[in-house]
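Trainee: Contents of my_file.cif (mmCIF, C-alpha atoms and all ligand atoms) are below:
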```cif
data_query
loop_
_atom_site.group_PDB
_atom_site.id
_atom_site.type_symbol
_atom_site.label_atom_id
_atom_site.label_comp_id
_atom_site.auth_asym_id
_atom_site.auth_seq_id
_atom_site.Cartn_x
_atom_site.Cartn_y
_atom_site.Cartn_z
ATOM 1 C CA MET U 1 -13.214 -15.661 12.048
ATOM 2 C CA SER U 2 -15.912 -15.179 9.475
ATOM 3 C CA ALA U 3 -15.983 -16.311 5.855
ATOM 4 C CA ASP U 4 -15.593 -12.624 4.972
ATOM 5 C CA ASP U 5 -12.371 -12.437 6.987
ATOM 6 C CA TRP U 6 -10.922 -15.293 4.939
ATOM 7 C CA LYS U 7 -12.133 -13.763 1.682
ATOM 8 C CA ILE U 8 -10.505 -10.386 2.413
ATOM 9 C CA ALA U 9 -7.329 -11.963 3.831
ATOM 10 C CA ASN U 10 -7.019 -14.096 0.700
ATOM 11 C CA ARG U 11 -7.439 -11.096 -1.588
ATOM 12 C CA LEU U 12 -4.709 -9.285 0.302
ATOM 13 C CA PHE U 13 -2.560 -12.403 0.129
ATOM 14 C CA GLN U 14 -3.004 -12.615 -3.659
ATOM 15 C CA THR U 15 -2.386 -8.904 -4.233
ATOM 16 C CA ILE U 16 0.763 -8.810 -2.104
ATOM 17 C CA GLY U 17 2.002 -12.014 -3.745
ATOM 18 C CA SER U 18 1.504 -10.690 -7.292
ATOM 19 C CA LEU U 19 3.141 -7.334 -6.563
ATOM 20 C CA ASP U 20 6.011 -8.880 -4.625
ATOM 21 C CA ARG U 21 6.790 -11.355 -7.425
ATOM 22 C CA ILE U 22 7.316 -8.474 -9.877
ATOM 23 C CA VAL U 23 9.160 -6.085 -7.554
ATOM 24 C CA PHE U 24 11.600 -8.772 -6.417
ATOM 25 C CA LEU U 25 12.318 -10.296 -9.792
ATOM 26 C CA ASP U 26 15.846 -9.268 -10.696
ATOM 27 C CA GLU U 27 17.407 -8.957 -14.165
ATOM 28 C CA ASP U 28 18.437 -12.610 -14.320
ATOM 29 C CA GLY U 29 14.900 -13.685 -13.622
ATOM 30 C CA TYR U 30 15.908 -14.829 -10.185
ATOM 31 C CA LEU U 31 13.066 -14.616 -7.784
ATOM 32 C CA MET U 32 13.447 -13.956 -4.098
ATOM 33 C CA PRO U 33 10.196 -15.424 -2.922
ATOM 34 C CA ALA U 34 8.392 -13.826 -0.021
ATOM 35 C CA THR U 35 6.636 -15.639 2.756
ATOM 36 C CA ILE U 36 3.121 -14.416 3.429
ATOM 37 C CA VAL U 37 1.665 -15.803 6.638
ATOM 38 C CA LEU U 38 -2.060 -15.814 7.345
ATOM 39 C CA VAL U 39 -2.148 -15.485 11.133
ATOM 40 C CA THR U 40 -5.197 -16.847 12.934
ATOM 41 C CA ASN U 41 -4.393 -15.037 16.193
ATOM 42 C CA PRO U 42 -6.022 -11.670 16.819
ATOM 43 C CA PRO U 43 -3.959 -8.673 15.628
ATOM 44 C CA PRO U 44 -1.540 -6.991 18.089
ATOM 45 C CA ASP U 45 -3.791 -3.902 18.096
ATOM 46 C CA GLU U 46 -7.011 -2.864 16.434
ATOM 47 C CA ASP U 47 -5.351 -0.862 13.620
ATOM 48 C CA HIS U 48 -2.666 -3.369 12.882
ATOM 49 C CA PHE U 49 -4.006 -6.170 10.688
ATOM 50 C CA ILE U 50 -1.030 -6.446 8.408
ATOM 51 C CA GLU U 51 2.687 -5.970 8.863
ATOM 52 C CA TYR U 52 5.956 -6.700 7.159
ATOM 53 C CA SER U 53 8.324 -8.247 9.627
ATOM 54 C CA HIS U 54 11.482 -8.947 7.650
ATOM 55 C CA PRO U 55 11.424 -11.349 5.815
ATOM 56 C CA GLU U 56 7.726 -12.182 6.232
ATOM 57 C CA TYR U 57 4.386 -10.558 5.624
ATOM 58 C CA HIS U 58 1.823 -11.234 8.350
ATOM 59 C CA ILE U 59 -1.887 -10.893 7.724
ATOM 60 C CA PHE U 60 -4.021 -11.162 10.864
ATOM 61 C CA VAL U 61 -7.266 -12.787 9.767
ATOM 62 C CA PRO U 62 -9.739 -12.439 12.690
ATOM 63 C CA GLY U 63 -11.746 -9.250 12.240
ATOM 64 C CA ILE U 64 -9.930 -8.023 9.107
ATOM 65 C CA ALA U 65 -13.130 -7.748 7.022
ATOM 66 C CA LYS U 66 -14.906 -5.489 9.528
ATOM 67 C CA HIS U 67 -11.741 -3.425 9.976
ATOM 68 C CA LEU U 68 -11.435 -2.718 6.247
ATOM 69 C CA GLN U 69 -15.167 -2.088 5.837
ATOM 70 C CA ASN U 70 -14.912 0.568 8.554
ATOM 71 C CA ALA U 71 -11.745 2.033 7.062
ATOM 72 C CA ALA U 72 -13.523 2.324 3.690
ATOM 73 C CA LYS U 73 -16.115 4.740 5.062
ATOM 74 C CA GLY U 74 -14.193 7.889 4.089
ATOM 75 C CA ASN U 75 -13.295 9.403 0.749
ATOM 76 C CA LEU U 76 -10.446 8.511 -1.530
ATOM 77 C CA ILE U 77 -7.867 11.290 -1.634
ATOM 78 C CA LEU U 78 -7.039 12.187 -5.236
ATOM 79 C CA LEU U 79 -4.093 14.515 -5.717
ATOM 80 C CA ALA U 80 -3.430 14.511 -9.462
ATOM 81 C CA GLU U 81 -6.056 17.136 -10.144
ATOM 82 C CA ASN U 82 -7.483 19.679 -7.773
ATOM 83 C CA PHE U 83 -10.641 17.901 -6.730
ATOM 84 C CA LYS U 84 -12.977 19.624 -4.313
ATOM 85 C CA LEU U 85 -13.567 17.621 -1.164
ATOM 86 C CA GLN U 86 -17.226 17.023 -2.025
ATOM 87 C CA ASP U 87 -16.270 15.595 -5.432
ATOM 88 C CA LEU U 88 -13.905 12.952 -4.085
ATOM 89 C CA PRO U 89 -15.081 9.366 -4.662
ATOM 90 C CA VAL U 90 -15.862 7.114 -1.723
ATOM 91 C CA LEU U 91 -13.178 4.665 -0.767
ATOM 92 C CA THR U 92 -13.806 0.983 -1.402
ATOM 93 C CA VAL U 93 -12.368 -2.104 0.260
ATOM 94 C CA ASP U 94 -10.800 -3.036 -3.114
ATOM 95 C CA THR U 95 -8.961 0.285 -3.285
ATOM 96 C CA LEU U 96 -7.787 -0.084 0.306
ATOM 97 C CA ILE U 97 -6.461 -3.582 -0.404
ATOM 98 C CA VAL U 98 -4.371 -2.217 -3.278
ATOM 99 C CA GLY U 99 -3.042 0.589 -1.059
ATOM 100 C CA ILE U 100 -2.194 -1.723 1.846
ATOM 101 C CA ALA U 101 -0.506 -4.265 -0.427
ATOM 102 C CA ALA U 102 1.622 -1.564 -2.109
ATOM 103 C CA HIS U 103 2.514 -0.121 1.312
ATOM 104 C CA GLU U 104 3.694 -3.485 2.680
ATOM 105 C CA VAL U 105 5.654 -4.477 -0.437
ATOM 106 C CA ARG U 106 7.385 -1.091 -0.237
ATOM 107 C CA HIS U 107 8.309 -1.932 3.384
ATOM 108 C CA ARG U 108 10.043 -5.046 2.078
ATOM 109 C CA LEU U 109 11.805 -3.047 -0.621
ATOM 110 C CA GLN U 110 13.076 -0.615 2.046
ATOM 111 C CA HIS U 111 15.408 -3.390 3.209
ATOM 112 C CA PHE U 112 17.105 -3.357 -0.208
ATOM 113 C CA ILE U 113 17.208 0.288 -1.290
ATOM 114 C CA PRO U 114 19.351 2.991 0.337
ATOM 115 C CA LYS U 115 17.607 5.284 2.780
ATOM 116 C CA ASN U 116 18.358 8.365 0.688
ATOM 117 C CA CYS U 117 16.074 6.909 -2.010
ATOM 118 C CA TRP U 118 13.065 6.847 0.312
ATOM 119 C CA PHE U 119 10.400 9.515 0.111
ATOM 120 C CA SER U 120 10.741 11.908 3.032
ATOM 121 C CA PRO U 121 9.311 15.305 4.074
ATOM 122 C CA ASP U 122 12.426 17.073 2.742
ATOM 123 C CA CYS U 123 12.773 15.269 -0.564
ATOM 124 C CA SER U 124 11.470 17.013 -3.658
ATOM 125 C CA PRO U 125 10.693 14.425 -6.320
ATOM 126 C CA LYS U 126 11.130 15.532 -9.926
ATOM 127 C CA ASP U 127 7.722 14.110 -10.693
ATOM 128 C CA GLY U 128 5.191 16.857 -9.924
ATOM 129 C CA TYR U 129 2.512 14.377 -8.926
ATOM 130 C CA MET U 130 4.773 12.548 -6.441
ATOM 131 C CA GLU U 131 5.738 15.916 -5.019
ATOM 132 C CA LYS U 132 2.064 16.590 -4.300
ATOM 133 C CA VAL U 133 1.770 13.210 -2.568
ATOM 134 C CA VAL U 134 4.872 13.901 -0.440
ATOM 135 C CA LYS U 135 3.441 17.264 0.628
ATOM 136 C CA PHE U 136 0.106 15.682 1.430
ATOM 137 C CA VAL U 137 1.647 12.925 3.592
ATOM 138 C CA ASP U 138 3.770 15.554 5.319
ATOM 139 C CA ARG U 139 0.619 17.446 6.326
ATOM 140 C CA LEU U 140 -1.193 14.244 7.264
ATOM 141 C CA PHE U 141 1.619 13.030 9.534
ATOM 142 C CA HIS U 142 1.881 16.466 11.070
ATOM 143 C CA TYR U 143 -1.640 16.055 12.464
ATOM 144 C CA ASP U 144 -1.661 12.287 12.805
ATOM 145 C CA PRO U 145 1.882 10.957 13.277
ATOM 146 C CA PRO U 146 2.398 7.284 12.387
ATOM 147 C CA ARG U 147 3.148 4.603 14.900
ATOM 148 C CA GLY U 148 6.494 2.913 14.400
ATOM 149 C CA ASP U 149 9.482 4.238 12.472
ATOM 150 C CA PHE U 150 8.583 7.677 11.034
ATOM 151 C CA ASN U 151 10.886 7.449 7.973
ATOM 152 C CA LYS U 152 9.725 3.969 7.013
ATOM 153 C CA GLU U 153 6.068 4.848 7.419
ATOM 154 C CA PHE U 154 6.392 8.156 5.541
ATOM 155 C CA ASP U 155 7.944 6.448 2.529
ATOM 156 C CA ALA U 156 5.402 3.599 2.520
ATOM 157 C CA LYS U 157 2.472 6.010 2.910
ATOM 158 C CA VAL U 158 3.537 7.971 -0.192
ATOM 159 C CA ILE U 159 3.544 4.736 -2.196
ATOM 160 C CA GLU U 160 0.192 3.728 -0.701
ATOM 161 C CA PHE U 161 -1.563 6.953 -1.809
ATOM 162 C CA ALA U 162 0.003 6.866 -5.272
ATOM 163 C CA ALA U 163 -1.031 3.210 -5.753
ATOM 164 C CA MET U 164 -4.622 3.835 -4.646
ATOM 165 C CA GLU U 165 -5.027 6.832 -6.954
ATOM 166 C CA TYR U 166 -3.538 4.918 -9.878
ATOM 167 C CA TYR U 167 -5.844 1.962 -9.222
ATOM 168 C CA TRP U 168 -8.912 4.200 -8.999
ATOM 169 C CA LYS U 169 -8.063 5.914 -12.295
ATOM 170 C CA ALA U 170 -7.513 2.573 -14.009
ATOM 171 C CA THR U 171 -10.849 1.192 -12.800
ATOM 172 C CA GLN U 172 -12.580 4.330 -14.142
ATOM 173 C CA LYS U 173 -11.224 3.300 -17.533
ATOM 174 C CA GLY U 174 -12.659 -0.196 -17.071
ATOM 175 C CA LYS U 175 -9.366 -1.915 -16.306
ATOM 176 C CA ASN U 176 -9.164 -4.640 -13.707
ATOM 177 C CA LEU U 177 -6.543 -5.219 -11.045
ATOM 178 C CA LYS U 178 -4.860 -8.085 -12.872
ATOM 179 C CA THR U 179 -4.007 -5.987 -15.916
ATOM 180 C CA ILE U 180 -2.480 -3.125 -13.918
ATOM 181 C CA ILE U 181 -0.420 -5.169 -11.414
ATOM 182 C CA PRO U 182 2.839 -4.556 -13.380
ATOM 183 C CA LEU U 183 2.197 -0.789 -13.347
ATOM 184 C CA LEU U 184 1.455 -0.803 -9.645
ATOM 185 C CA ALA U 185 4.690 -2.723 -9.113
ATOM 186 C CA GLU U 186 6.486 0.042 -11.014
ATOM 187 C CA ILE U 187 5.089 2.628 -8.579
ATOM 188 C CA ILE U 188 6.454 0.575 -5.661
ATOM 189 C CA GLY U 189 9.937 0.549 -7.182
ATOM 190 C CA LYS U 190 12.670 -1.851 -8.140
ATOM 191 C CA LEU U 191 15.634 -3.604 -6.622
ATOM 192 C CA PRO U 192 18.760 -1.502 -7.151
HETATM 193 ZN ZN ZN T 1 3.753 0.705 7.398
#
```
Spell out the structure here as structure tokens.
Mentor:
Amino acid sequence: MSADDWKIANRLFQTIGSLDRIVFLDEDGYLMPATIVLVTNPPPDEDHFIEYSHPEYHIFVPGIAKHLQNAAKGNLILLAENFKLQDLPVLTVDTLIVGIAAHEVRHRLQHFIPKNCWFSPDCSPKDGYMEKVVKFVDRLFHYDPPRGDFNKEFDAKVIEFAAMEYYWKATQKGKNLKTIIPLLAEIIGKLP
């Protein structure tokens, strides 16, 4: 494990923790704290450095920095406006961390919200932007189906893309992660 692995794992830990604390704060201010475990064993497979295994988040530390640096080599998909492929910004590890954290916190929320509230290929959200994201994930999963439970992964992937695009837009306006955490938590959803 390198120092970089710990640095990245800690940033993920912090981001998940901050988002989770807002999403799982109910009206009475009662907090259902999450357990986030930094695992020092190698990940179960090379694409699987983080998972939500009810009721715990697991972050596999060895090799996580290299994994995210490789994953950040593509472009960030922006769906709000019709960007041409060549105009899309490059992904960054920071953006990926936000996407992964939102994805995993949504997996936790899936245990508390009814299945018919999850995003799915047949749902048509009233929000035009979310509808674009749903259609995009539908196409993506058509060519590259997810491992694990299709419905769970579809729903979490929609949240992941929406969170990354929101984060990117906010950073363009000079905002930092800390100030937009509550808005990202709103994208993930709320306890019923
Ligand atoms: Zn997932």
Trainee: Using the chain letters and numbers from the file, which residues does the PyMOL selection byres (((chain U and resi 100) around 9) and not hetatm) grab, as a list in words?
Mentor: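 Taken on the displayed file, the PyMOL selection byres (((chain U and resi 100) around 9) and not hetatm) yields the residues Leu12, Ile16, Ile50, Thr95, Leu96, Ile97, Val98, Gly99, Ala101, Ala102, His103, Glu104, Val105, Glu160 and Met164 of chain U.
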Trainee: Around ligand ZN 1 (chain T), which protein and nucleic acid residues have at least one atom no more than 12 Å from it, if we count only C-alpha atoms and all ligand atoms? List them as JSON, numbers by chain.
Mentor: {"U": [47, 48, 49, 50, 51, 52, 53, 57, 99, 100, 101, 102, 103, 104, 105, 106, 107, 108, 109, 110, 145, 146, 147, 148, 149, 150, 151, 152, 153, 154, 155, 156, 157, 158, 159, 160]}
Trainee: Tell me which residues come within 12 Å of (0.4, 17.1, 1.8), as a PDB file with C-alpha atoms, in the coordinates of the input, counting all atoms listed in the file in the file's coordinates.
Mentor:
```
ATOM      1  CA  ILE U  77      -7.867  11.290  -1.634  1.00  0.00           C
ATOM      2  CA  LEU U  78      -7.039  12.187  -5.236  1.00  0.00           C
ATOM      3  CA  LEU U  79      -4.093  14.515  -5.717  1.00  0.00           C
ATOM      4  CA  SER U 120      10.741  11.908   3.032  1.00  0.00           C
ATOM      5  CA  PRO U 121       9.311  15.305   4.074  1.00  0.00           C
ATOM      6  CA  TYR U 129       2.512  14.377  -8.926  1.00  0.00           C
ATOM      7  CA  MET U 130       4.773  12.548  -6.441  1.00  0.00           C
ATOM      8  CA  GLU U 131       5.738  15.916  -5.019  1.00  0.00           C
ATOM      9  CA  LYS U 132       2.064  16.590  -4.300  1.00  0.00           C
ATOM     10  CA  VAL U 133       1.770  13.210  -2.568  1.00  0.00           C
ATOM     11  CA  VAL U 134       4.872  13.901  -0.440  1.00  0.00           C
ATOM     12  CA  LYS U 135       3.441  17.264   0.628  1.00  0.00           C
ATOM     13  CA  PHE U 136       0.106  15.682   1.430  1.00  0.00           C
ATOM     14  CA  VAL U 137       1.647  12.925   3.592  1.00  0.00           C
ATOM     15  CA  ASP U 138       3.770  15.554   5.319  1.00  0.00           C
ATOM     16  CA  ARG U 139       0.619  17.446   6.326  1.00  0.00           C
ATOM     17  CA  LEU U 140      -1.193  14.244   7.264  1.00  0.00           C
ATOM     18  CA  PHE U 141       1.619  13.030   9.534  1.00  0.00           C
ATOM     19  CA  HIS U 142       1.881  16.466  11.070  1.00  0.00           C
ATOM     20  CA  TYR U 143      -1.640  16.055  12.464  1.00  0.00           C
ATOM     21  CA  PHE U 154       6.392   8.156   5.541  1.00  0.00           C
ATOM     22  CA  LYS U 157       2.472   6.010   2.910  1.00  0.00           C
ATOM     23  CA  VAL U 158       3.537   7.971  -0.192  1.00  0.00           C
ATOM     24  CA  PHE U 161      -1.563   6.953  -1.809  1.00  0.00           C
TER      25      PHE U 161
END
```
Trainee: Given the choices U:Ile59, U:Ala65, U:Ala185, U:Ala162, which gets closest to Thr40 of chain U if the distance is worked out from only C-alpha atoms?
Mentor: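 Looking at the shortest contact to Thr40 of chain U, the residue is U:Ile59.
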Trainee: Between atom CA of Lys66 of chain U and atom CA of Tyr167 of chain U, what is the distance in Å, rounded to a tenth?
Mentor: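 These atoms are spaced 22.1 Å apart.
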Trainee: One decimal, Å: what's the distance from atom CA of Asp45 of chain U over to atom CA of Ala71 of chain U, could you say?
Mentor: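 Between atom CA of Asp45 of chain U and atom CA of Ala71 of chain U the gap is 14.8 Å.
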Trainee: Measuring between only C-alpha atoms, which one of U:Thr179, U:Tyr166, U:Gln172, U:Gly74 shows the shortest distance to Gln86 of chain U?
Mentor: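 Looking at the shortest contact to Gln86 of chain U, the residue is U:Gly74.
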Trainee: Give me, please, the distance in Å between atom CA of Pro89 of chain U and atom CA of Gly189 of chain U, quoted to one decimal.
Mentor: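 Answer for the atom CA of Pro89 of chain U to atom CA of Gly189 of chain U separation: 26.6 Å.
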Trainee: Which protein, DNA or RNA residues have an atom at most 12 Å from (-15.7, -14.4, 3.9), counting all atoms listed in the file? List them as a ChimeraX atom specification.
Mentor: /U:1-11,61-66
Trainee: Expand the PyMOL selection byres (((chain U and resi 91) around 7) and not hetatm) into the individual residues it matches in the shown file, reporting them as a ChimeraX atom specification.
Mentor: /U:72-76,89-90,92-93,95
Trainee: Quick one: axis-aligned box around all listed atoms of segment 37-55 of chain U, 3 Å on every side, centre and edge lengths in Å to one decimal, written as lines of an AutoDock Vina configuration file.
Mentor:
```
center_x = 2.2
center_y = -8.9
center_z = 12.0
size_x = 24.5
size_y = 22.0
size_z = 18.3
```
Trainee: Expanded to explicit residues, what is the PyMOL selection byres (((chain U and resi 18) around 12) and not hetatm) for this file, as a count of residues only?
Mentor: 30
Trainee: Select, from U:His58, U:Lys169, U:Lys175, U:His111, the residue with the minimum atom-to-atom distance to Lys190 of chain U, counting all atoms listed in the file.
Mentor: U:His111
Trainee: Can segment 148-180 of chain U be brought up to N, CA and C atoms and written out as a PDB file, keeping the file's coordinate frame?
Mentor:
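In the end it all went to rebuild_0.pdb:
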```
ATOM      1  N   GLY U 148       5.336   3.604  14.983  1.00  0.00           N
ATOM      2  CA  GLY U 148       6.494   2.913  14.400  1.00  0.00           C
ATOM      3  C   GLY U 148       7.490   3.921  13.858  1.00  0.00           C
ATOM      4  N   ASP U 149       8.380   3.445  13.011  1.00  0.00           N
ATOM      5  CA  ASP U 149       9.482   4.238  12.472  1.00  0.00           C
ATOM      6  C   ASP U 149       8.942   5.311  11.503  1.00  0.00           C
ATOM      7  N   PHE U 150       9.144   6.583  11.841  1.00  0.00           N
ATOM      8  CA  PHE U 150       8.583   7.677  11.034  1.00  0.00           C
ATOM      9  C   PHE U 150       9.041   7.600   9.575  1.00  0.00           C
ATOM     10  N   ASN U 151      10.355   7.431   9.348  1.00  0.00           N
ATOM     11  CA  ASN U 151      10.886   7.449   7.973  1.00  0.00           C
ATOM     12  C   ASN U 151      10.334   6.309   7.127  1.00  0.00           C
ATOM     13  N   LYS U 152      10.264   5.129   7.739  1.00  0.00           N
ATOM     14  CA  LYS U 152       9.725   3.969   7.013  1.00  0.00           C
ATOM     15  C   LYS U 152       8.261   4.187   6.661  1.00  0.00           C
ATOM     16  N   GLU U 153       7.500   4.682   7.638  1.00  0.00           N
ATOM     17  CA  GLU U 153       6.068   4.848   7.419  1.00  0.00           C
ATOM     18  C   GLU U 153       5.785   5.985   6.433  1.00  0.00           C
ATOM     19  N   PHE U 154       6.578   7.044   6.471  1.00  0.00           N
ATOM     20  CA  PHE U 154       6.392   8.156   5.541  1.00  0.00           C
ATOM     21  C   PHE U 154       6.554   7.658   4.106  1.00  0.00           C
ATOM     22  N   ASP U 155       7.643   6.969   3.866  1.00  0.00           N
ATOM     23  CA  ASP U 155       7.944   6.448   2.529  1.00  0.00           C
ATOM     24  C   ASP U 155       6.841   5.494   2.047  1.00  0.00           C
ATOM     25  N   ALA U 156       6.418   4.583   2.921  1.00  0.00           N
ATOM     26  CA  ALA U 156       5.402   3.599   2.520  1.00  0.00           C
ATOM     27  C   ALA U 156       4.051   4.265   2.289  1.00  0.00           C
ATOM     28  N   LYS U 157       3.756   5.317   3.048  1.00  0.00           N
ATOM     29  CA  LYS U 157       2.472   6.010   2.910  1.00  0.00           C
ATOM     30  C   LYS U 157       2.393   6.722   1.561  1.00  0.00           C
ATOM     31  N   VAL U 158       3.509   7.305   1.112  1.00  0.00           N
ATOM     32  CA  VAL U 158       3.537   7.971  -0.192  1.00  0.00           C
ATOM     33  C   VAL U 158       3.190   6.949  -1.286  1.00  0.00           C
ATOM     34  N   ILE U 159       3.815   5.794  -1.216  1.00  0.00           N
ATOM     35  CA  ILE U 159       3.544   4.736  -2.196  1.00  0.00           C
ATOM     36  C   ILE U 159       2.087   4.286  -2.116  1.00  0.00           C
ATOM     37  N   GLU U 160       1.581   4.171  -0.900  1.00  0.00           N
ATOM     38  CA  GLU U 160       0.192   3.728  -0.701  1.00  0.00           C
ATOM     39  C   GLU U 160      -0.802   4.671  -1.394  1.00  0.00           C
ATOM     40  N   PHE U 161      -0.649   5.991  -1.176  1.00  0.00           N
ATOM     41  CA  PHE U 161      -1.563   6.953  -1.809  1.00  0.00           C
ATOM     42  C   PHE U 161      -1.433   6.923  -3.332  1.00  0.00           C
ATOM     43  N   ALA U 162      -0.204   6.869  -3.820  1.00  0.00           N
ATOM     44  CA  ALA U 162       0.003   6.866  -5.272  1.00  0.00           C
ATOM     45  C   ALA U 162      -0.624   5.610  -5.895  1.00  0.00           C
ATOM     46  N   ALA U 163      -0.489   4.470  -5.225  1.00  0.00           N
ATOM     47  CA  ALA U 163      -1.031   3.210  -5.753  1.00  0.00           C
ATOM     48  C   ALA U 163      -2.561   3.250  -5.771  1.00  0.00           C
ATOM     49  N   MET U 164      -3.153   3.795  -4.704  1.00  0.00           N
ATOM     50  CA  MET U 164      -4.622   3.835  -4.646  1.00  0.00           C
ATOM     51  C   MET U 164      -5.183   4.755  -5.730  1.00  0.00           C
ATOM     52  N   GLU U 165      -4.531   5.897  -5.935  1.00  0.00           N
ATOM     53  CA  GLU U 165      -5.027   6.832  -6.954  1.00  0.00           C
ATOM     54  C   GLU U 165      -4.883   6.217  -8.351  1.00  0.00           C
ATOM     55  N   TYR U 166      -3.745   5.554  -8.577  1.00  0.00           N
ATOM     56  CA  TYR U 166      -3.538   4.918  -9.878  1.00  0.00           C
ATOM     57  C   TYR U 166      -4.596   3.851 -10.125  1.00  0.00           C
ATOM     58  N   TYR U 167      -4.856   3.038  -9.106  1.00  0.00           N
ATOM     59  CA  TYR U 167      -5.844   1.962  -9.222  1.00  0.00           C
ATOM     60  C   TYR U 167      -7.232   2.545  -9.520  1.00  0.00           C
ATOM     61  N   TRP U 168      -7.598   3.586  -8.797  1.00  0.00           N
ATOM     62  CA  TRP U 168      -8.912   4.200  -8.999  1.00  0.00           C
ATOM     63  C   TRP U 168      -9.053   4.700 -10.441  1.00  0.00           C
ATOM     64  N   LYS U 169      -8.024   5.387 -10.926  1.00  0.00           N
ATOM     65  CA  LYS U 169      -8.063   5.914 -12.295  1.00  0.00           C
ATOM     66  C   LYS U 169      -8.204   4.791 -13.310  1.00  0.00           C
ATOM     67  N   ALA U 170      -7.466   3.713 -13.082  1.00  0.00           N
ATOM     68  CA  ALA U 170      -7.513   2.573 -14.009  1.00  0.00           C
ATOM     69  C   ALA U 170      -8.896   1.929 -14.018  1.00  0.00           C
ATOM     70  N   THR U 171      -9.524   1.814 -12.838  1.00  0.00           N
ATOM     71  CA  THR U 171     -10.849   1.192 -12.800  1.00  0.00           C
ATOM     72  C   THR U 171     -11.893   2.097 -13.485  1.00  0.00           C
ATOM     73  N   GLN U 172     -11.677   3.412 -13.438  1.00  0.00           N
ATOM     74  CA  GLN U 172     -12.580   4.330 -14.142  1.00  0.00           C
ATOM     75  C   GLN U 172     -12.529   4.076 -15.642  1.00  0.00           C
ATOM     76  N   LYS U 173     -11.368   3.586 -16.097  1.00  0.00           N
ATOM     77  CA  LYS U 173     -11.224   3.300 -17.533  1.00  0.00           C
ATOM     78  C   LYS U 173     -11.602   1.853 -17.831  1.00  0.00           C
ATOM     79  N   GLY U 174     -12.185   1.171 -16.863  1.00  0.00           N
ATOM     80  CA  GLY U 174     -12.659  -0.196 -17.071  1.00  0.00           C
ATOM     81  C   GLY U 174     -11.594  -1.268 -16.946  1.00  0.00           C
ATOM     82  N   LYS U 175     -10.415  -0.900 -16.452  1.00  0.00           N
ATOM     83  CA  LYS U 175      -9.366  -1.915 -16.306  1.00  0.00           C
ATOM     84  C   LYS U 175      -9.547  -2.661 -14.996  1.00  0.00           C
ATOM     85  N   ASN U 176      -9.080  -3.925 -14.976  1.00  0.00           N
ATOM     86  CA  ASN U 176      -9.164  -4.640 -13.707  1.00  0.00           C
ATOM     87  C   ASN U 176      -7.776  -4.761 -13.081  1.00  0.00           C
ATOM     88  N   LEU U 177      -7.779  -5.193 -11.818  1.00  0.00           N
ATOM     89  CA  LEU U 177      -6.543  -5.219 -11.045  1.00  0.00           C
ATOM     90  C   LEU U 177      -5.444  -6.026 -11.739  1.00  0.00           C
ATOM     91  N   LYS U 178      -5.850  -7.183 -12.279  1.00  0.00           N
ATOM     92  CA  LYS U 178      -4.860  -8.085 -12.872  1.00  0.00           C
ATOM     93  C   LYS U 178      -4.032  -7.392 -13.960  1.00  0.00           C
ATOM     94  N   THR U 179      -4.718  -6.595 -14.790  1.00  0.00           N
ATOM     95  CA  THR U 179      -4.007  -5.987 -15.916  1.00  0.00           C
ATOM     96  C   THR U 179      -3.068  -4.864 -15.483  1.00  0.00           C
ATOM     97  N   ILE U 180      -3.325  -4.265 -14.309  1.00  0.00           N
ATOM     98  CA  ILE U 180      -2.480  -3.125 -13.918  1.00  0.00           C
ATOM     99  C   ILE U 180      -1.433  -3.492 -12.860  1.00  0.00           C
TER     100      ILE U 180
END
```
